[in-house]
Structure formats: structure tokens, C-alpha cells
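S.K.: File follows, protein35.csv with CSV, C-alpha atoms:
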chain,number,residue,atom,x,y,z
A,1,MET,CA,-33.2,-57.2,61.3
A,2,ALA,CA,-31.5,-59.4,58.6
A,3,SER,CA,-29.6,-58.1,55.6
A,4,ALA,CA,-31.1,-57.7,52.1
A,5,ASP,CA,-28.8,-60.5,50.9
A,6,ASP,CA,-30.4,-62.9,53.4
A,7,TYR,CA,-33.8,-61.8,52.3
A,8,ASP,CA,-33.0,-62.5,48.6
A,9,LYS,CA,-32.1,-66.1,49.6
A,10,LEU,CA,-35.4,-66.8,51.2
A,11,SER,CA,-38.2,-68.8,49.5
A,12,PRO,CA,-41.4,-66.8,48.7
A,13,GLU,CA,-43.1,-68.5,51.7
A,14,GLU,CA,-40.2,-67.4,54.1
A,15,ARG,CA,-40.3,-63.9,52.6
A,16,GLU,CA,-44.0,-63.7,53.3
A,17,ALA,CA,-43.6,-64.9,56.9
A,18,ARG,CA,-40.7,-62.4,57.5
A,19,ASP,CA,-42.7,-59.6,55.9
A,20,LYS,CA,-45.7,-60.4,58.1
A,21,ALA,CA,-43.6,-60.5,61.2
A,22,ASP,CA,-41.9,-57.2,60.3
A,23,ARG,CA,-45.3,-55.6,59.7
A,24,GLU,CA,-46.6,-56.9,63.0
A,25,ARG,CA,-43.5,-55.6,64.9
A,26,GLU,CA,-43.8,-52.3,63.0
A,27,ALA,CA,-47.5,-52.0,63.9
A,28,ALA,CA,-46.8,-52.7,67.5
A,29,GLU,CA,-44.0,-50.1,67.7
A,30,GLN,CA,-46.2,-47.4,65.9
A,31,ALA,CA,-49.2,-48.2,68.2
A,32,ALA,CA,-47.0,-47.5,71.3
A,33,LEU,CA,-46.4,-43.9,70.1
A,34,PRO,CA,-48.4,-41.1,71.8
A,35,TYR,CA,-49.7,-40.2,68.3
A,36,THR,CA,-50.7,-41.6,65.0
A,37,TRP,CA,-49.5,-40.5,61.6
A,38,THR,CA,-50.0,-40.9,57.9
A,39,GLN,CA,-48.2,-39.5,54.9
A,40,GLN,CA,-48.4,-38.8,51.2
A,41,LEU,CA,-45.3,-38.0,49.2
A,42,GLY,CA,-45.9,-34.3,49.8
A,43,ASP,CA,-47.0,-34.1,53.4
A,44,VAL,CA,-47.3,-35.8,56.8
A,45,ASP,CA,-50.4,-35.7,59.0
A,46,VAL,CA,-49.9,-36.3,62.8
A,47,THR,CA,-52.9,-36.9,65.1
A,48,VAL,CA,-52.3,-36.4,68.8
A,49,PRO,CA,-55.0,-37.3,71.4
A,50,VAL,CA,-55.3,-34.7,74.2
A,51,PRO,CA,-57.7,-34.6,77.3
A,52,LYS,CA,-61.3,-33.9,76.4
A,53,GLY,CA,-62.2,-30.3,76.7
A,54,THR,CA,-58.7,-29.1,75.6
A,55,ARG,CA,-58.7,-25.7,73.9
A,56,GLY,CA,-56.1,-24.2,71.6
A,57,ARG,CA,-55.0,-21.8,74.4
A,58,ASP,CA,-54.2,-24.8,76.6
A,59,LEU,CA,-51.7,-26.1,74.2
A,60,ASN,CA,-48.0,-25.4,73.5
A,61,VAL,CA,-47.4,-26.4,69.8
A,62,VAL,CA,-44.0,-25.7,68.2
A,63,ILE,CA,-43.5,-26.3,64.5
A,64,GLN,CA,-40.1,-25.6,63.2
A,65,LYS,CA,-38.1,-26.6,60.1
A,66,LYS,CA,-36.6,-29.6,61.9
A,67,LYS,CA,-38.5,-29.7,65.2
A,68,LEU,CA,-42.0,-30.6,66.5
A,69,SER,CA,-43.3,-30.3,70.0
A,70,VAL,CA,-46.9,-30.7,71.2
A,71,GLY,CA,-48.0,-30.6,74.8
A,72,LEU,CA,-50.3,-29.0,77.4
A,73,LYS,CA,-49.0,-25.7,78.8
A,74,GLY,CA,-47.1,-26.2,82.1
A,75,LYS,CA,-46.7,-30.0,81.5
A,76,GLU,CA,-44.2,-32.3,79.9
A,77,PRO,CA,-44.7,-32.3,76.1
A,78,ILE,CA,-46.7,-35.3,74.7
A,79,LEU,CA,-44.2,-35.4,71.9
A,80,SER,CA,-41.1,-33.4,71.3
A,81,GLY,CA,-38.0,-33.9,69.1
A,82,GLU,CA,-36.2,-33.5,65.9
A,83,LEU,CA,-38.2,-34.2,62.7
A,84,CYS,CA,-36.6,-36.8,60.5
A,85,LYS,CA,-36.7,-34.5,57.4
A,86,ASP,CA,-37.2,-30.8,56.8
A,87,ILE,CA,-40.6,-29.2,56.5
A,88,LYS,CA,-42.0,-26.0,55.1
A,89,VAL,CA,-42.9,-24.1,58.3
A,90,ASP,CA,-45.1,-21.5,56.5
A,91,GLU,CA,-47.2,-24.2,54.9
A,92,SER,CA,-47.5,-26.4,58.0
A,93,THR,CA,-50.5,-26.0,60.4
A,94,TRP,CA,-52.2,-27.4,63.4
A,95,THR,CA,-55.7,-27.3,64.7
A,96,ILE,CA,-57.7,-28.9,67.5
A,97,GLU,CA,-60.7,-31.1,66.7
A,98,ASP,CA,-63.6,-31.8,69.0
A,99,GLN,CA,-61.5,-30.5,71.9
A,100,GLU,CA,-59.7,-33.9,72.2
A,101,THR,CA,-57.4,-34.2,69.2
A,102,VAL,CA,-54.6,-32.0,67.8
A,103,LEU,CA,-54.3,-32.4,64.0
A,104,ILE,CA,-50.9,-31.4,62.7
A,105,HIS,CA,-50.3,-31.0,58.9
A,106,LEU,CA,-46.6,-30.9,57.9
A,107,GLU,CA,-45.7,-29.9,54.4
A,108,LYS,CA,-42.5,-31.8,53.3
A,109,VAL,CA,-39.6,-29.9,51.7
A,110,ASN,CA,-38.7,-33.0,49.6
A,111,LYS,CA,-41.9,-34.2,48.1
A,112,GLN,CA,-40.2,-37.2,46.5
A,113,GLN,CA,-39.2,-39.0,49.7
A,114,TRP,CA,-41.1,-41.1,52.2
A,115,TRP,CA,-40.4,-40.5,55.8
A,116,GLU,CA,-39.3,-43.5,58.0
A,117,ASN,CA,-40.6,-41.8,61.1
A,118,VAL,CA,-41.9,-38.4,62.3
A,119,LEU,CA,-39.3,-37.8,65.1
A,120,THR,CA,-35.8,-39.2,64.7
A,121,HIS,CA,-35.8,-41.0,68.1
A,122,HIS,CA,-39.0,-42.9,67.3
A,123,PRO,CA,-39.2,-46.3,65.6
A,124,LYS,CA,-38.8,-46.4,61.9
A,125,ILE,CA,-41.2,-47.9,59.3
A,126,ASP,CA,-39.9,-49.8,56.2
A,127,THR,CA,-40.5,-47.3,53.5
A,128,THR,CA,-39.8,-49.9,50.8
A,129,LYS,CA,-43.2,-51.5,51.7
A,130,ILE,CA,-45.3,-48.4,51.3
A,131,GLN,CA,-48.0,-48.7,48.7
A,132,PRO,CA,-49.1,-45.2,47.7
A,133,GLU,CA,-52.6,-44.5,46.7
A,134,ASN,CA,-53.2,-44.6,42.9
A,135,SER,CA,-53.1,-41.1,41.6
A,136,LYS,CA,-55.3,-39.9,38.7
A,137,LEU,CA,-53.9,-38.2,35.6
A,138,SER,CA,-56.0,-35.2,36.4
A,139,ASP,CA,-54.0,-34.8,39.7
A,140,LEU,CA,-50.8,-34.1,37.7
A,141,ASP,CA,-49.6,-30.7,36.3
A,142,GLY,CA,-49.8,-30.2,32.6
A,143,GLU,CA,-46.2,-31.0,31.7
A,144,THR,CA,-46.1,-34.2,33.9
A,145,ARG,CA,-49.5,-35.3,32.6
A,146,GLY,CA,-48.3,-34.9,29.0
A,147,MET,CA,-45.2,-36.9,29.7
A,148,VAL,CA,-47.1,-39.7,31.4
A,149,GLU,CA,-49.7,-39.9,28.5
A,150,LYS,CA,-46.8,-40.1,26.0
A,151,MET,CA,-45.2,-42.9,28.0
A,152,MET,CA,-48.5,-44.8,28.2
A,153,PHE,CA,-49.1,-44.3,24.4
A,154,ASP,CA,-45.6,-45.5,23.6
A,155,ASN,CA,-45.9,-48.5,25.8
A,156,GLN,CA,-49.2,-49.4,24.2
A,157,GLN,CA,-47.7,-49.0,20.7
A,158,LYS,CA,-44.7,-51.2,21.6
A,159,GLN,CA,-47.0,-54.0,22.9
A,160,MET,CA,-48.9,-53.9,19.6
A,161,GLY,CA,-45.6,-53.9,17.6
A,162,LYS,CA,-46.4,-50.4,16.3
A,163,PRO,CA,-44.1,-47.4,16.1
A,164,THR,CA,-43.8,-45.1,19.2
A,165,SER,CA,-44.5,-41.4,19.1
A,166,ASP,CA,-40.9,-40.6,18.4
A,167,GLU,CA,-40.7,-43.1,15.6
A,168,LEU,CA,-43.9,-41.7,14.2
A,169,LYS,CA,-42.4,-38.2,14.2
A,170,LYS,CA,-39.3,-39.4,12.4
A,171,MET,CA,-41.4,-41.2,9.8
A,172,GLU,CA,-43.5,-38.1,9.3
A,173,ALA,CA,-40.4,-35.9,8.9
A,174,LEU,CA,-38.9,-38.4,6.4
A,175,LYS,CA,-42.2,-38.5,4.4
A,176,LYS,CA,-42.2,-34.7,4.2
A,177,PHE,CA,-38.6,-34.6,3.1
A,178,GLN,CA,-39.3,-37.3,0.4
A,179,GLU,CA,-42.3,-35.2,-0.8
A,180,ALA,CA,-40.1,-32.1,-0.9
A,181,HIS,CA,-37.3,-33.9,-2.8
A,182,PRO,CA,-38.9,-36.4,-5.3
A,183,GLU,CA,-35.7,-36.5,-7.3
A,184,LEU,CA,-33.9,-38.4,-4.5
A,185,ASP,CA,-34.1,-42.2,-4.3
A,186,PHE,CA,-34.8,-43.5,-0.8
A,187,SER,CA,-35.3,-47.1,-1.7
A,188,GLN,CA,-32.0,-48.2,-0.2
A,189,ALA,CA,-32.1,-45.8,2.8
A,190,LYS,CA,-31.8,-47.3,6.2
A,191,ILE,CA,-33.4,-45.1,8.9
A,192,SER,CA,-32.7,-45.7,12.5
What do you get writing this file as C-alpha cells?

M.R.:
Amino acid sequence: MASADDYDKLSPEEREARDKADREREAAEQAALPYTWTQQLGDVDVTVPVPKGTRGRDLNVVIQKKKLSVGLKGKEPILSGELCKDIKVDESTWTIEDQETVLIHLEKVNKQQWWENVLTHHPKIDTTKIQPENSKLSDLDGETRGMVEKMMFDNQQKQMGKPTSDELKKMEALKKFQEAHPELDFSQAKIS
């Protein structure tokens, strides 16, 4: 894999070709794994195919803070190793679907970081190319939502050449102060 400096020197067409080749290599590496996986910022879902007719009691599934192992009892594990990042064990679960698929839900400790792989010894993905799903404002908690709405309002105001919410607050405070002190002359005042 070439360095970032090399990448910056490439033309847009060369970058696109390299990105396409990297995506194809990454897809082939991921397809060779004995499982598939997806992730959101807060969690990872792993899907492990097992022989049809498999029941929960036939499985040996180990979910620990830094370890994951899935296999049929008495046989070599289908996957086993150290997780690339810590998980919340109490909030992570597994289930079997249609007696042929083990679904594992891993809750991340760090919900602000993409995983490069599930197990440390497996091929990595390029996390800089991840395009997360668009989230809705309603998905956010109250404080975060308020902050995002304020940022959106301020950005919109700036684009129209109008004052931001902070500038509006300052102007309102100054106006109240002027009304409370009509004897003062503010004609030469410079407000920043």
C-alpha cells in the first residue's frame, strides 16, 4: 500500500483507479473470511454461517471484552481471536437464526471510532472510506440536537450575511442596556 504523500500527488483519475483497486482487494479479503460484518459508530454486527439444523446448544460462543470465539462444540472454532477494540460484554448478545446463522451483536466501548476489522489477525478495511448512513436530528439526544440546530441556524445566517445566534444575543443585550441607560451615548461605540 502506498503512502498518503504518494496518494496526494496522484491525478483525480489515478486516485479513482487506486481507490477502486483498493476497494476490490478489500472486498476480496473480506469475502474470504468465515463471517460477514457490518458496523455503525456504536456497534458491530457479525453474521456467522453454521450447518443447517444447528441449535444454540450445539454452539460454543464466547464473548469477552477483547475476545470473540464462535464454533460448534467439540470442533475447531469457526472464528476465534482478539477483538480489535473493547466491547461492552453486558450489552453484547448472540442468537441463532433459522438454525443456520449465528448473529452476534457487539456493543462498542468507544462509540466514536470505526473498527478496521473484527479480529486483530484478520484483514483491515480502510476506515477513512466509510460513508455512514445519514442520521436524523430526531436520533440525537436533546443537548446534541440543540447544538446541531444552532450550528445549522448560524451557518444559514452566515450564508445570508446575517448575524449568528451569538451575535443576535449580543445585539439584544446591548439594546436592553441602551434602553436601561438612555443618558449614555452609544453612537461612537464599536462592538465586537

S.K.: From the set A:Thr128, A:Ser80, A:Thr47, A:Gln157, which residue has the shortest atom-to-atom contact distance to Leu68 (chain A), counting only C-alpha atoms?

M.R.: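 Closest to Leu68 (chain A), using only C-alpha atoms: A:Ser80.
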
S.K.: What is the distance, in Å and to one decimal place, between CA of Gly53 (chain A) and CA of Glu91 (chain A)?

M.R.: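 These atoms are spaced 27.2 Å apart.
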
S.K.: Give as a CSV table (one decimal) with C-alpha atoms, in the frame of the given file each residue that has an atom at most 9 Å from (-42.9, -51.8, 58.9) in the file, counting only C-alpha atoms.

M.R.:
chain,number,residue,atom,x,y,z
A,19,ASP,CA,-42.7,-59.6,55.9
A,22,ASP,CA,-41.9,-57.2,60.3
A,23,ARG,CA,-45.3,-55.6,59.7
A,24,GLU,CA,-46.6,-56.9,63.0
A,25,ARG,CA,-43.5,-55.6,64.9
A,26,GLU,CA,-43.8,-52.3,63.0
A,27,ALA,CA,-47.5,-52.0,63.9
A,30,GLN,CA,-46.2,-47.4,65.9
A,124,LYS,CA,-38.8,-46.4,61.9
A,125,ILE,CA,-41.2,-47.9,59.3
A,126,ASP,CA,-39.9,-49.8,56.2
A,127,THR,CA,-40.5,-47.3,53.5
A,128,THR,CA,-39.8,-49.9,50.8
A,129,LYS,CA,-43.2,-51.5,51.7
A,130,ILE,CA,-45.3,-48.4,51.3

S.K.: Between CA of Leu79 (chain A) and CA of Asp98 (chain A), what distance in Å does the model show, to one decimal?

M.R.: 19.9 Å

S.K.: Please report the interatomic distance between CA of Lys176 (chain A) and CA of Gln159 (chain A) in Å with one decimal.

M.R.: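 The value is 27.3 Å.
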
S.K.: Would you please work out which residue, of A:Asp86, A:Glu76, A:Asp154, A:Glu167, is nearest to Val109 (chain A) when using all atoms listed in the file?

M.R.: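 Using all atoms listed in the file, Val109 (chain A) sits closest to A:Asp86.
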
S.K.: With only C-alpha atoms as the basis for distance, which of A:Asp166, A:Val62, A:Ser11, A:Lys85 is at the shortest distance from Lys111 (chain A)?

M.R.: A:Lys85

S.K.: For a quick check of understanding, using all atoms listed in the file, which of A:Ile87, A:Val46, A:Met147, A:Ala31 has the smallest distance to Val102 (chain A)?

M.R.: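 For Val102 (chain A), the nearest of the candidates is A:Val46.
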
S.K.: Given only C-alpha atoms as the basis, pick out the residue of A:Arg18, A:His121, A:Lys150, A:Lys66 nearest to Lys108 (chain A).

M.R.: A:Lys66

S.K.: With only C-alpha atoms as the counted atoms, please give the residues lying no more than 8 Å from Val44 (chain A), apart from itself and same-chain residues fewer than 4 positions off, as number ranges by chain.

M.R.: A: 37-40, 105-108

S.K.: Rank A:Gly56, A:Glu149, A:Leu83, A:Lys136 by their smallest atom-to-atom distance to Glu116 (chain A), using all atoms listed in the file, and report the top residue only.

M.R.: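 Closest candidate: A:Leu83.
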
S.K.: Please list as a ChimeraX atom specification every residue within 7 Å of region 69-72 of chain A, counting all atoms listed in the file and excluding residues in the same chain fewer than 6 positions away.

M.R.: /A:58-63,78-81
